[in-house]
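Structure file model08.txt; described as compact mmCIF, C-alpha atoms and all ligand atoms.
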# COMPACT_ATOMS: atom_id res chain seq x y z
CA MET A 296 20.92 6.18 16.00
CA SER A 297 19.61 7.26 12.65
CA GLU A 298 16.05 8.40 12.29
CA LYS A 299 13.54 6.13 10.55
CA LEU A 300 12.80 7.21 7.01
CA LEU A 301 9.60 5.19 6.75
CA ILE A 302 7.27 4.02 9.50
CA VAL A 303 4.34 1.81 8.52
CA LYS A 304 1.84 1.08 11.30
CA ASP A 305 -1.11 -1.25 11.13
CA LEU A 306 -1.66 -0.36 7.48
CA SER A 307 -4.66 -1.94 5.75
CA THR A 308 -6.02 -1.51 2.24
CA THR A 309 -9.42 -2.97 1.46
CA PHE A 310 -11.09 -2.89 -1.95
CA ALA A 311 -14.86 -2.88 -2.25
CA THR A 312 -15.57 -5.51 -4.91
CA ALA A 313 -18.68 -7.15 -6.30
CA GLY A 314 -17.81 -10.17 -4.20
CA GLY A 315 -17.49 -8.13 -1.00
CA PRO A 316 -14.63 -6.40 0.80
CA LEU A 317 -11.23 -7.64 -0.36
CA PRO A 318 -8.50 -7.11 2.25
CA ALA A 319 -5.43 -6.81 -0.02
CA VAL A 320 -3.25 -5.47 2.79
CA ASP A 321 -4.17 -6.24 6.38
CA GLY A 322 -2.51 -4.76 9.44
CA VAL A 323 1.03 -4.38 8.11
CA SER A 324 3.69 -2.74 10.30
CA PHE A 325 7.38 -2.28 9.61
CA ASP A 326 9.93 0.48 9.33
CA LEU A 327 12.95 1.45 7.34
CA GLU A 328 16.17 3.21 8.29
CA GLN A 329 17.93 5.83 6.18
CA ASN A 330 20.15 4.19 3.56
CA GLU A 331 18.75 0.73 4.23
CA THR A 332 17.50 -1.80 1.67
CA LEU A 333 14.47 -3.81 2.70
CA GLY A 334 13.03 -6.72 0.74
CA ILE A 335 9.29 -7.36 0.52
CA VAL A 336 8.70 -10.89 -0.73
CA GLY A 337 5.70 -13.12 -1.24
CA GLU A 338 4.07 -15.15 -3.95
CA SER A 339 1.94 -13.51 -6.60
CA GLY A 340 -1.22 -11.99 -5.12
CA SER A 341 0.15 -11.67 -1.58
CA GLY A 342 -0.35 -7.89 -1.58
CA LYS A 343 3.14 -6.58 -2.37
CA THR A 344 2.12 -4.15 -5.09
CA VAL A 345 -0.94 -2.88 -3.23
CA LEU A 346 1.22 -2.36 -0.13
CA SER A 347 3.84 -0.43 -2.13
CA ARG A 348 1.24 1.71 -3.83
CA THR A 349 -0.51 2.38 -0.53
CA ILE A 350 2.77 3.57 0.98
CA MET A 351 3.17 5.91 -2.01
CA GLY A 352 -0.40 7.09 -1.57
CA LEU A 353 -1.40 5.79 -4.99
CA GLN A 354 -4.83 4.19 -4.91
CA PRO A 355 -7.85 4.17 -7.12
CA ARG A 356 -10.05 7.15 -6.27
CA THR A 357 -13.04 5.02 -5.35
CA ASN A 358 -13.86 1.66 -3.81
CA VAL A 359 -10.86 1.57 -1.55
CA THR A 360 -10.43 2.09 2.18
CA VAL A 361 -7.03 2.67 3.72
CA THR A 362 -6.51 2.65 7.48
CA GLY A 363 -3.47 2.82 9.69
CA SER A 364 -0.45 4.97 9.04
CA ALA A 365 2.52 5.32 6.70
CA THR A 366 4.89 8.20 7.33
CA ILE A 367 7.72 9.04 4.96
CA ASN A 368 10.21 11.39 6.54
CA GLY A 369 7.47 12.56 8.89
CA PHE A 370 4.82 13.02 6.17
CA GLU A 371 1.64 11.05 6.85
CA VAL A 372 0.56 9.55 3.54
CA VAL A 373 -2.73 8.02 4.71
CA GLY A 374 -5.47 10.58 4.30
CA ALA A 375 -3.20 13.17 2.65
CA SER A 376 -4.63 15.21 -0.22
CA GLU A 377 -3.47 14.65 -3.78
CA LYS A 378 -1.93 18.10 -3.69
CA ALA A 379 0.08 17.32 -0.57
CA LYS A 380 1.18 13.96 -1.98
CA ARG A 381 2.39 15.55 -5.18
CA GLU A 382 4.82 17.48 -3.02
CA ILE A 383 6.51 14.29 -1.86
CA TRP A 384 6.24 12.23 -5.05
CA GLY A 385 9.58 12.28 -6.75
CA THR A 386 11.41 14.19 -4.04
CA GLU A 387 10.76 12.04 -0.96
CA VAL A 388 9.59 8.82 -2.56
CA ALA A 389 9.57 7.41 -6.07
CA MET A 390 8.53 4.08 -7.48
CA VAL A 391 9.83 1.86 -10.24
CA PHE A 392 6.68 0.12 -11.36
CA GLN A 393 6.26 -3.55 -12.11
CA ASP A 394 6.00 -3.18 -15.88
CA PRO A 395 8.59 -0.86 -17.46
CA MET A 396 6.67 -0.66 -20.72
CA THR A 397 3.65 0.89 -19.06
CA SER A 398 5.71 3.46 -17.17
CA LEU A 399 7.30 4.81 -20.36
CA ASN A 400 5.40 6.62 -23.06
CA PRO A 401 6.21 4.73 -26.27
CA VAL A 402 5.81 7.75 -28.55
CA MET A 403 7.90 10.18 -26.53
CA ARG A 404 11.69 10.43 -26.70
CA ILE A 405 13.21 9.08 -23.49
CA GLY A 406 15.09 12.27 -22.71
CA LYS A 407 11.88 14.28 -22.86
CA GLN A 408 10.23 11.90 -20.40
CA ILE A 409 12.94 12.63 -17.85
CA ASP A 410 12.97 16.35 -18.70
CA GLU A 411 9.33 16.65 -17.95
CA ALA A 412 9.71 15.67 -14.30
CA LEU A 413 12.59 18.10 -13.90
CA ARG A 414 10.79 21.01 -15.50
CA VAL A 415 7.44 20.48 -13.84
CA ARG A 416 8.66 19.43 -10.40
CA LEU A 417 11.91 21.27 -10.00
CA GLY A 418 11.12 24.22 -12.25
CA MET A 419 14.27 23.78 -14.33
CA ASP A 420 14.50 25.53 -17.68
CA ARG A 421 14.84 23.56 -20.93
CA ALA A 422 18.60 23.60 -21.12
CA ALA A 423 19.18 22.73 -17.48
CA ALA A 424 16.61 19.92 -17.63
CA LYS A 425 18.23 18.47 -20.73
CA ALA A 426 21.68 18.57 -19.19
CA ARG A 427 20.39 16.92 -16.02
CA ALA A 428 18.48 14.26 -18.02
CA ILE A 429 21.66 13.34 -19.87
CA GLU A 430 23.48 13.19 -16.55
CA LEU A 431 20.81 10.84 -15.21
CA LEU A 432 21.04 8.60 -18.27
CA GLU A 433 24.76 8.42 -17.70
CA LEU A 434 24.24 7.72 -13.99
CA VAL A 435 22.11 4.66 -14.75
CA GLY A 436 24.71 3.33 -17.16
CA ILE A 437 23.18 4.11 -20.55
CA PRO A 438 25.96 4.26 -23.14
CA SER A 439 26.15 7.36 -25.39
CA PRO A 440 23.56 9.23 -23.31
CA VAL A 441 23.64 12.30 -25.54
CA GLU A 442 22.48 10.24 -28.52
CA ARG A 443 20.13 8.07 -26.49
CA TYR A 444 18.39 11.15 -25.16
CA ASN A 445 16.57 11.29 -28.49
CA ALA A 446 15.71 7.58 -28.69
CA PHE A 447 12.20 6.17 -28.31
CA PRO A 448 11.60 3.44 -25.71
CA GLY A 449 11.03 0.85 -28.44
CA GLN A 450 14.56 1.38 -29.73
CA LEU A 451 16.05 0.17 -26.45
CA SER A 452 16.45 -3.34 -25.06
CA GLY A 453 14.42 -4.40 -22.01
CA GLY A 454 17.36 -3.85 -19.69
CA MET A 455 18.08 -0.39 -21.10
CA ARG A 456 14.41 0.55 -20.82
CA GLN A 457 14.44 -0.43 -17.17
CA ARG A 458 17.48 1.80 -16.69
CA VAL A 459 15.51 4.67 -18.20
CA VAL A 460 12.62 3.96 -15.83
CA ILE A 461 15.06 4.09 -12.93
CA ALA A 462 16.54 7.35 -14.23
CA THR A 463 13.03 8.81 -14.37
CA ALA A 464 12.37 7.73 -10.79
CA LEU A 465 15.63 9.31 -9.67
CA ALA A 466 15.02 12.61 -11.46
CA CYS A 467 13.99 14.53 -8.33
CA SER A 468 16.45 12.75 -5.99
CA PRO A 469 14.01 10.77 -3.83
CA LYS A 470 15.10 9.63 -0.38
CA LEU A 471 13.13 6.41 -0.74
CA LEU A 472 13.03 4.36 -3.93
CA MET A 473 10.50 1.57 -4.16
CA ALA A 474 11.21 -0.95 -6.88
CA ASP A 475 8.32 -3.32 -7.62
CA GLU A 476 9.64 -6.46 -9.34
CA PRO A 477 12.23 -4.31 -11.14
CA THR A 478 13.82 -7.27 -12.90
CA THR A 479 10.93 -9.62 -13.51
CA GLY A 480 10.89 -10.55 -17.19
CA LEU A 481 14.54 -9.68 -17.77
CA ASP A 482 17.08 -12.42 -18.35
CA VAL A 483 19.35 -13.34 -15.46
CA THR A 484 22.46 -11.48 -16.60
CA ILE A 485 20.51 -8.26 -17.12
CA GLN A 486 18.69 -8.88 -13.84
CA ALA A 487 21.98 -8.91 -11.97
CA GLN A 488 23.12 -5.74 -13.75
CA ILE A 489 19.95 -3.85 -12.82
CA LEU A 490 20.10 -5.04 -9.21
CA ASN A 491 23.77 -4.05 -8.99
CA LEU A 492 22.87 -0.67 -10.41
CA LEU A 493 20.19 -0.16 -7.73
CA ASP A 494 22.73 -1.10 -5.06
CA GLU A 495 25.27 1.32 -6.44
CA LEU A 496 22.76 4.15 -6.74
CA LYS A 497 21.57 3.58 -3.21
CA GLU A 498 25.11 4.10 -1.93
CA ARG A 499 25.93 7.01 -4.20
CA LEU A 500 22.71 8.88 -3.64
CA LYS A 501 22.28 7.84 0.01
CA MET A 502 18.79 6.53 -0.64
CA SER A 503 16.75 3.88 1.08
CA VAL A 504 15.40 1.17 -1.17
CA ILE A 505 12.45 -1.20 -0.91
CA LEU A 506 12.94 -4.14 -3.23
CA VAL A 507 9.66 -5.93 -3.94
CA THR A 508 9.83 -9.38 -5.49
CA HIS A 509 8.26 -12.82 -5.60
CA ASP A 510 11.76 -14.31 -5.87
CA LEU A 511 13.76 -14.61 -2.67
CA GLY A 512 16.88 -15.13 -4.80
CA VAL A 513 16.66 -11.48 -5.84
CA VAL A 514 16.86 -10.17 -2.28
CA ALA A 515 19.34 -12.71 -0.87
CA THR A 516 22.46 -10.57 -1.06
CA ARG A 517 21.01 -7.12 -1.51
CA THR A 518 18.87 -6.42 1.53
CA SER A 519 19.52 -6.09 5.23
CA ARG A 520 16.03 -7.12 6.26
CA ILE A 521 13.12 -8.96 4.70
CA VAL A 522 9.36 -8.81 5.13
CA VAL A 523 7.53 -11.96 4.00
CA MET A 524 3.91 -11.47 2.96
CA TYR A 525 1.03 -13.88 2.58
CA ALA A 526 -2.62 -12.97 2.01
CA GLY A 527 -1.94 -9.30 2.70
CA ARG A 528 -0.19 -9.86 6.01
CA ILE A 529 3.34 -10.10 7.26
CA VAL A 530 3.92 -13.72 8.23
CA GLU A 531 7.66 -13.54 8.89
CA THR A 532 10.23 -10.79 9.13
CA GLY A 533 13.81 -10.44 10.23
CA ASN A 534 17.36 -9.87 9.15
CA THR A 535 17.99 -11.33 5.73
CA ARG A 536 20.29 -13.95 7.20
CA ASP A 537 17.74 -15.06 9.76
CA VAL A 538 14.96 -15.28 7.18
CA PHE A 539 17.16 -17.44 4.95
CA TYR A 540 18.77 -19.66 7.55
CA HIS A 541 16.53 -19.56 10.61
CA HIS A 542 13.04 -19.10 9.17
CA ARG A 543 10.28 -20.66 11.24
CA MET A 544 7.24 -20.21 9.00
CA PRO A 545 6.68 -23.13 6.59
CA TYR A 546 5.52 -20.67 3.93
CA THR A 547 8.91 -18.92 4.02
CA ARG A 548 10.57 -22.27 3.41
CA ALA A 549 8.17 -22.98 0.55
CA LEU A 550 9.07 -19.61 -0.98
CA LEU A 551 12.76 -20.40 -0.68
CA GLU A 552 12.26 -23.76 -2.31
CA SER A 553 10.31 -22.18 -5.14
CA SER A 554 13.08 -19.67 -5.94
CA PRO A 555 15.01 -20.87 -8.98
CA LYS A 556 18.27 -19.46 -7.62
CA VAL A 557 17.95 -20.45 -4.00
CA SER A 558 16.56 -23.92 -4.62
CA ASN A 559 19.86 -25.02 -6.12
CA LEU A 560 20.98 -25.23 -2.53
CA SER A 561 18.44 -27.91 -1.74
CA HIS A 562 17.33 -30.88 -3.76
CA THR A 563 13.88 -29.61 -4.47
CA ARG A 564 13.19 -27.72 -7.65
CA LEU A 565 9.70 -26.41 -7.50
CA THR A 566 8.51 -23.44 -9.47
CA THR A 567 5.39 -22.73 -7.47
CA ILE A 568 4.18 -23.50 -3.98
CA PRO A 569 1.79 -26.46 -4.05
CA GLY A 570 -1.86 -25.72 -3.44
CA ARG A 571 -3.97 -22.74 -4.32
CA PRO A 572 -3.38 -19.16 -3.17
CA PRO A 573 -6.04 -18.06 -0.69
CA ASN A 574 -9.29 -16.44 -1.77
CA LEU A 575 -9.10 -13.05 -0.08
CA LEU A 576 -12.89 -12.71 -0.25
CA ASN A 577 -13.33 -15.77 1.89
CA LEU A 578 -10.53 -16.02 4.43
CA SER A 579 -10.91 -18.35 7.38
CA ASP A 580 -10.39 -17.29 10.99
CA GLY A 581 -7.26 -19.41 11.07
CA CYS A 582 -3.88 -19.11 9.40
CA SER A 583 -4.40 -18.33 5.69
CA PHE A 584 -1.58 -20.69 4.77
CA ALA A 585 -2.96 -23.64 6.77
CA PRO A 586 -4.84 -25.28 3.86
CA ARG A 587 -1.52 -25.61 1.99
CA CYS A 588 0.70 -26.37 4.95
CA SER A 589 1.79 -29.90 5.79
CA TYR A 590 2.53 -28.85 9.39
CA ALA A 591 -0.93 -27.43 10.05
CA THR A 592 -2.70 -28.49 13.24
CA ASP A 593 -6.36 -28.01 14.21
CA GLN A 594 -5.45 -24.77 15.94
CA CYS A 595 -3.92 -23.46 12.69
CA HIS A 596 -7.23 -23.88 10.89
CA LEU A 597 -9.22 -22.19 13.64
CA VAL A 598 -7.18 -19.34 15.10
CA ARG A 599 -4.98 -16.87 13.29
CA PRO A 600 -1.44 -16.92 14.67
CA PRO A 601 -0.09 -13.51 15.70
CA LEU A 602 3.45 -12.41 14.85
CA GLN A 603 5.63 -13.61 17.71
CA ALA A 604 9.25 -12.91 18.46
CA ALA A 605 11.82 -15.53 17.47
CA ASP A 606 15.19 -16.05 19.16
CA GLU A 607 17.02 -13.53 17.01
CA PRO A 608 16.55 -9.77 17.52
CA GLY A 609 14.04 -8.35 15.06
CA HIS A 610 13.00 -11.79 13.86
CA ALA A 611 9.29 -12.64 14.15
CA PHE A 612 6.97 -15.20 12.61
CA ALA A 613 3.24 -15.95 12.61
CA CYS A 614 2.85 -19.68 13.07
CA TRP A 615 1.38 -22.05 15.70
CA ASN A 616 3.51 -24.99 14.66
CA PRO A 617 6.78 -23.49 13.47
CA LEU A 618 9.73 -25.28 11.95
CA PRO A 619 12.26 -26.21 14.60
CA THR A 620 14.90 -23.61 15.29
CA THR A 621 18.17 -24.38 13.53
CA ARG A 622 20.24 -22.19 15.82
CA GLY A 623 22.18 -24.95 17.57
CA ALA A 624 22.81 -26.89 14.37
CA SER A 625 24.24 -23.99 12.36
CA SER A 626 26.52 -22.56 15.05
CA SER A 627 28.47 -25.77 15.53
N1 LIG A 701 -7.89 -2.29 -7.69
C1 LIG A 701 -8.12 -3.50 -7.15
N2 LIG A 701 -9.39 -3.90 -6.89
C2 LIG A 701 -9.63 -5.10 -6.32
N3 LIG A 701 -8.69 -5.99 -5.98
C3 LIG A 701 -7.40 -5.65 -6.22
C4 LIG A 701 -7.06 -4.40 -6.81
N4 LIG A 701 -5.69 -4.35 -6.94
C5 LIG A 701 -5.24 -5.51 -6.43
N5 LIG A 701 -6.25 -6.29 -5.99
C6 LIG A 701 -6.13 -7.61 -5.36
O1 LIG A 701 -5.28 -7.48 -4.24
C7 LIG A 701 -4.51 -8.65 -4.04
C8 LIG A 701 -3.04 -8.32 -3.94
O2 LIG A 701 -2.57 -7.92 -5.20
P1 LIG A 701 -1.08 -7.43 -5.48
O3 LIG A 701 -0.70 -6.44 -4.44
O4 LIG A 701 -1.03 -6.99 -6.88
O5 LIG A 701 -0.23 -8.77 -5.28
P2 LIG A 701 1.31 -9.00 -5.58
O6 LIG A 701 1.92 -7.72 -6.00
O7 LIG A 701 1.88 -9.55 -4.31
O8 LIG A 701 1.35 -10.03 -6.68
C9 LIG A 701 -4.85 -9.57 -5.20
O9 LIG A 701 -5.83 -10.49 -4.76
C10 LIG A 701 -5.43 -8.64 -6.23
O10 LIG A 701 -6.34 -9.31 -7.05
MG MG A 702 2.90 -7.20 -7.72

Could you render the structure from this file as structure tokens?
Amino acid sequence: MSEKLLIVKDLSTTFATAGGPLPAVDGVSFDLEQNETLGIVGESGSGKTVLSRTIMGLQPRTNVTVTGSATINGFEVVGASEKAKREIWGTEVAMVFQDPMTSLNPVMRIGKQIDEALRVRLGMDRAAAKARAIELLELVGIPSPVERYNAFPGQLSGGMRQRVVIATALACSPKLLMADEPTTGLDVTIQAQILNLLDELKERLKMSVILVTHDLGVVATRTSRIVVMYAGRIVETGNTRDVFYHHRMPYTRALLESSPKVSNLSHTRLTTIPGRPPNLLNLSDGCSFAPRCSYATDQCHLVRPPLQAADEPGHAFACWNPLPTTRGASSS
């Protein structure tokens, strides 16, 4: 058995806001094997980015409380000093942020942006850093890397820029790469290219990858397991196959139906889940999805359902009135 690279236990992140405490992440637990790709999915505002940033140890300095535990290769991130975290950023864990334009400096040549990490973090000299930066540009599939080394971000297409962002994240050979909506805003062909690239790099560099997305279509063929989030909590998790074909939580089905790629399989073509996302400042004691759920019973509105084990190993869902199991139907 391989050792777990990441163990997240009862992790919560609460922001102090003018409207009161806002529980953006609430009691999340999951883990990740070496060389595994995990998908974190959920509609906008479900806490995916805050969860990813909390695992990295990146929070605002004030007005935030983090409890629970997140260990990366044995390093406890929660409560660690900035100095200690800087030791693991880049080398143990790196993140591709949601918006590639904000993670690149528009007035700095792309090669220099990669160089910097190598010189500061790995202590490489100028020449070695430049050679390695060009190697990284080549690794992420940038044509003519020697010439592109001197380009500015604005001179590259969106897809090429995202490749540069990935190269930057890979500079110090992290064991865990977290990619937060890495292809949102790119057109579908480029999306597939970037996702294929991440797959390839994961195999070549023996990394683990967390793929964060609102679109289940993105994770369908590229992850071994999926965590489904709603209102800061995990509401369903399991092997990718089980989440797609044997999901029990109505919200998971709604997410599937709202995915432009996946919904081709059914006859529905929704772009968003009906109803309003929950107000995290005013959550009920019941299931947060109940107000939008056509299966909700009285109990759903009153008592929060815990994660309970489904039939399949590793599959769990939080629902009092789950969708019927499709086990028998699909195996015939
Ligand atoms: N710094 C912050 N202060 C207060 N609330 C925040 C902060 N960052 C995020 N949130 C809130 O946390 C919730 C989860 O946000 P986020 O993780 O960005 O969602 P997702 O990535 O799933 O779209 C949202 O309600 C968002 O408004
Ligand atoms: Mg996000």

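For ligand LIG 701 (chain A), the protein and nucleic acid residues at most 6 Å away, judged by only C-alpha atoms and all ligand atoms, amount to A:Phe310, A:Ala319, A:Ser339, A:Gly340, A:Ser341, A:Gly342, A:Lys343, A:Thr344, A:Val345.
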
Go through the chains and note each residue within 12 Å of ligand MG 702 (chain A), using all atoms listed in the file, then give the set as a compact mmCIF listing (two decimals) with C-alpha atoms, keeping the file's coordinate frame.
# COMPACT_ATOMS: atom_id res chain seq x y z
CA ALA A 319 -5.43 -6.81 -0.02
CA ILE A 335 9.29 -7.36 0.52
CA VAL A 336 8.70 -10.89 -0.73
CA GLY A 337 5.70 -13.12 -1.24
CA GLU A 338 4.07 -15.15 -3.95
CA SER A 339 1.94 -13.51 -6.60
CA GLY A 340 -1.22 -11.99 -5.12
CA SER A 341 0.15 -11.67 -1.58
CA GLY A 342 -0.35 -7.89 -1.58
CA LYS A 343 3.14 -6.58 -2.37
CA THR A 344 2.12 -4.15 -5.09
CA VAL A 345 -0.94 -2.88 -3.23
CA LEU A 346 1.22 -2.36 -0.13
CA SER A 347 3.84 -0.43 -2.13
CA ARG A 348 1.24 1.71 -3.83
CA VAL A 391 9.83 1.86 -10.24
CA PHE A 392 6.68 0.12 -11.36
CA GLN A 393 6.26 -3.55 -12.11
CA ASP A 394 6.00 -3.18 -15.88
CA ALA A 474 11.21 -0.95 -6.88
CA ASP A 475 8.32 -3.32 -7.62
CA GLU A 476 9.64 -6.46 -9.34
CA PRO A 477 12.23 -4.31 -11.14
CA THR A 479 10.93 -9.62 -13.51
CA LEU A 506 12.94 -4.14 -3.23
CA VAL A 507 9.66 -5.93 -3.94
CA THR A 508 9.83 -9.38 -5.49
CA HIS A 509 8.26 -12.82 -5.60
CA ASP A 510 11.76 -14.31 -5.87
CA MET A 524 3.91 -11.47 2.96
CA GLY A 527 -1.94 -9.30 2.70

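Residue nearest A:Glu607 within the list A:Arg456, A:Lys378, A:Arg587, A:Arg536: A:Arg536 [criterion: smallest interatomic distance, all atoms listed in the file].
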
Residue neighbourhood stretch 575-580 of chain A, 12 Å, all atoms listed in the file, exclusion window fewer than 3 positions, as a short mmCIF file (atom, residue, chain, number, x, y, z; two decimals) with C-alpha atoms, keeping the file's coordinate frame:
data_model
loop_
_atom_site.label_atom_id
_atom_site.label_comp_id
_atom_site.auth_asym_id
_atom_site.auth_seq_id
_atom_site.Cartn_x
_atom_site.Cartn_y
_atom_site.Cartn_z
CA THR A 309 -9.42 -2.97 1.46
CA PHE A 310 -11.09 -2.89 -1.95
CA ALA A 311 -14.86 -2.88 -2.25
CA THR A 312 -15.57 -5.51 -4.91
CA ALA A 313 -18.68 -7.15 -6.30
CA GLY A 314 -17.81 -10.17 -4.20
CA GLY A 315 -17.49 -8.13 -1.00
CA PRO A 316 -14.63 -6.40 0.80
CA LEU A 317 -11.23 -7.64 -0.36
CA PRO A 318 -8.50 -7.11 2.25
CA ALA A 319 -5.43 -6.81 -0.02
CA VAL A 320 -3.25 -5.47 2.79
CA ASP A 321 -4.17 -6.24 6.38
CA GLY A 340 -1.22 -11.99 -5.12
CA SER A 341 0.15 -11.67 -1.58
CA GLY A 342 -0.35 -7.89 -1.58
CA TYR A 525 1.03 -13.88 2.58
CA ALA A 526 -2.62 -12.97 2.01
CA GLY A 527 -1.94 -9.30 2.70
CA ARG A 528 -0.19 -9.86 6.01
CA ARG A 571 -3.97 -22.74 -4.32
CA PRO A 572 -3.38 -19.16 -3.17
CA SER A 583 -4.40 -18.33 5.69
CA PHE A 584 -1.58 -20.69 4.77
CA ALA A 585 -2.96 -23.64 6.77
CA PRO A 586 -4.84 -25.28 3.86
CA ASP A 593 -6.36 -28.01 14.21
CA GLN A 594 -5.45 -24.77 15.94
CA CYS A 595 -3.92 -23.46 12.69
CA HIS A 596 -7.23 -23.88 10.89
CA LEU A 597 -9.22 -22.19 13.64
CA VAL A 598 -7.18 -19.34 15.10
CA ARG A 599 -4.98 -16.87 13.29
CA PRO A 600 -1.44 -16.92 14.67
CA PRO A 601 -0.09 -13.51 15.70
#

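Each of A:Ala426, A:Cys582, A:Leu481, A:Val514 was compared to A:Leu551 using all atoms listed in the file, and A:Val514 turns out to be the nearest.
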
Give one line per residue of stretch 492-569 of chain A that approaches stretch 459-466 of chain A to at most 10 Å, naming the two atoms of the closest pair and their distance in Å to one decimal, counting only C-alpha atoms; sort by chain then ascending residue number and deliver it as a Markdown table.
| residue | atom | partner | partner_atom | distance |
| --- | --- | --- | --- | --- |
| A:Leu492 | CA | A:Ile461 | CA | 9.5 |
| A:Leu493 | CA | A:Ile461 | CA | 8.5 |
| A:Leu496 | CA | A:Leu465 | CA | 9.3 |
| A:Leu500 | CA | A:Leu465 | CA | 9.3 |
| A:Met502 | CA | A:Leu465 | CA | 10.0 |

>> Could you check which residues have any atom within 12 Å of (13.4, 16.7, -17.3), counting only C-alpha atoms with coordinates taken straight from the file, and then list them as a PyMOL selection string?
In response: chain A and resi 404-432+444+462-467

>> Could you list, as a PyMOL selection string, every residue within 12 Å of A:Thr349, counting only C-alpha atoms and ignoring same-chain residues fewer than 2 positions away?
In response: chain A and resi 303+306-310+319-321+323+342-347+351-355+359-367+371-375+380+390+473

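Between A:His542 and the candidates A:Pro401, A:Pro617, A:Gly480, A:Gly581, the tightest atom-to-atom separation, counting only C-alpha atoms, involves A:Pro617.
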
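With atom CA of A:Arg622 on one side and atom CA of A:Thr592 on the other, the separation reads 23.9 Å.
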
> Using all atoms listed in the file, which of A:Ala549, A:Val483, A:Leu602, A:Ile505 sits nearest A:Ser589?
Replying inline: A:Ala549

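Interatomic distance, atom CA of A:Gly609 to atom CA of A:Gly533: 5.3 Å.
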
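Across the model, the gap from atom CA of A:Pro440 to atom CA of A:Gln457 is 14.6 Å.
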
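Among the candidates A:Asn330, A:Asn534, A:Asn616, A:Thr386, the residue lying nearest to A:Arg499 is A:Asn330 (atoms considered: all atoms listed in the file).
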
How big is the axis-aligned box, and where does its centre sit, when it encloses all atoms of stretch 360-372 of chain A listed in the file and has 8 Å added on every side, reported in Å to one decimal as lines of an AutoDock Vina configuration file?
center_x = -0.1
center_y = 7.6
center_z = 5.9
size_x = 36.6
size_y = 26.9
size_z = 23.5

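When only C-alpha atoms are used to measure the gap to A:Val504, the shortest distance among A:Gln488, A:Thr621, A:Ser324, A:Gln329 belongs to A:Gln329.
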
Using all heavy atoms, give me stretch 577-581 of chain A from the structure I just pasted, as an mmCIF file, in the first residue's frame.
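Output (decode.cif):
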data_model
loop_
_atom_site.group_PDB
_atom_site.id
_atom_site.type_symbol
_atom_site.label_atom_id
_atom_site.label_comp_id
_atom_site.auth_asym_id
_atom_site.auth_seq_id
_atom_site.Cartn_x
_atom_site.Cartn_y
_atom_site.Cartn_z
ATOM 1 N N ASN A 577 -26.534 32.310 6.847
ATOM 2 C CA ASN A 577 -27.827 31.999 7.450
ATOM 3 C C ASN A 577 -28.262 30.583 7.063
ATOM 4 O O ASN A 577 -29.292 30.381 6.457
ATOM 5 C CB ASN A 577 -28.839 33.045 6.948
ATOM 6 C CG ASN A 577 -30.152 32.943 7.678
ATOM 7 O OD1 ASN A 577 -30.220 32.363 8.775
ATOM 8 N ND2 ASN A 577 -31.208 33.474 7.073
ATOM 9 N N LEU A 578 -27.414 29.620 7.414
ATOM 10 C CA LEU A 578 -27.729 28.236 7.056
ATOM 11 C C LEU A 578 -28.713 27.638 8.048
ATOM 12 O O LEU A 578 -28.671 27.927 9.239
ATOM 13 C CB LEU A 578 -26.442 27.397 7.035
ATOM 14 C CG LEU A 578 -25.464 27.699 5.892
ATOM 15 C CD1 LEU A 578 -24.175 26.905 6.096
ATOM 16 C CD2 LEU A 578 -26.078 27.389 4.534
ATOM 17 N N SER A 579 -29.591 26.801 7.558
ATOM 18 C CA SER A 579 -30.558 26.155 8.444
ATOM 19 C C SER A 579 -29.886 24.969 9.142
ATOM 20 O O SER A 579 -28.749 24.618 8.826
ATOM 21 C CB SER A 579 -31.745 25.650 7.634
ATOM 22 O OG SER A 579 -31.375 24.464 6.946
ATOM 23 N N ASP A 580 -30.590 24.355 10.069
ATOM 24 C CA ASP A 580 -30.065 23.169 10.744
ATOM 25 C C ASP A 580 -30.183 21.937 9.858
ATOM 26 O O ASP A 580 -29.642 20.885 10.153
ATOM 27 C CB ASP A 580 -30.832 22.904 12.048
ATOM 28 C CG ASP A 580 -30.594 24.003 13.061
ATOM 29 O OD1 ASP A 580 -29.532 24.646 12.977
ATOM 30 O OD2 ASP A 580 -31.482 24.222 13.911
ATOM 31 N N GLY A 581 -30.951 22.070 8.789
ATOM 32 C CA GLY A 581 -31.189 20.922 7.923
ATOM 33 C C GLY A 581 -30.155 20.822 6.816
ATOM 34 O O GLY A 581 -29.071 21.405 6.885
#
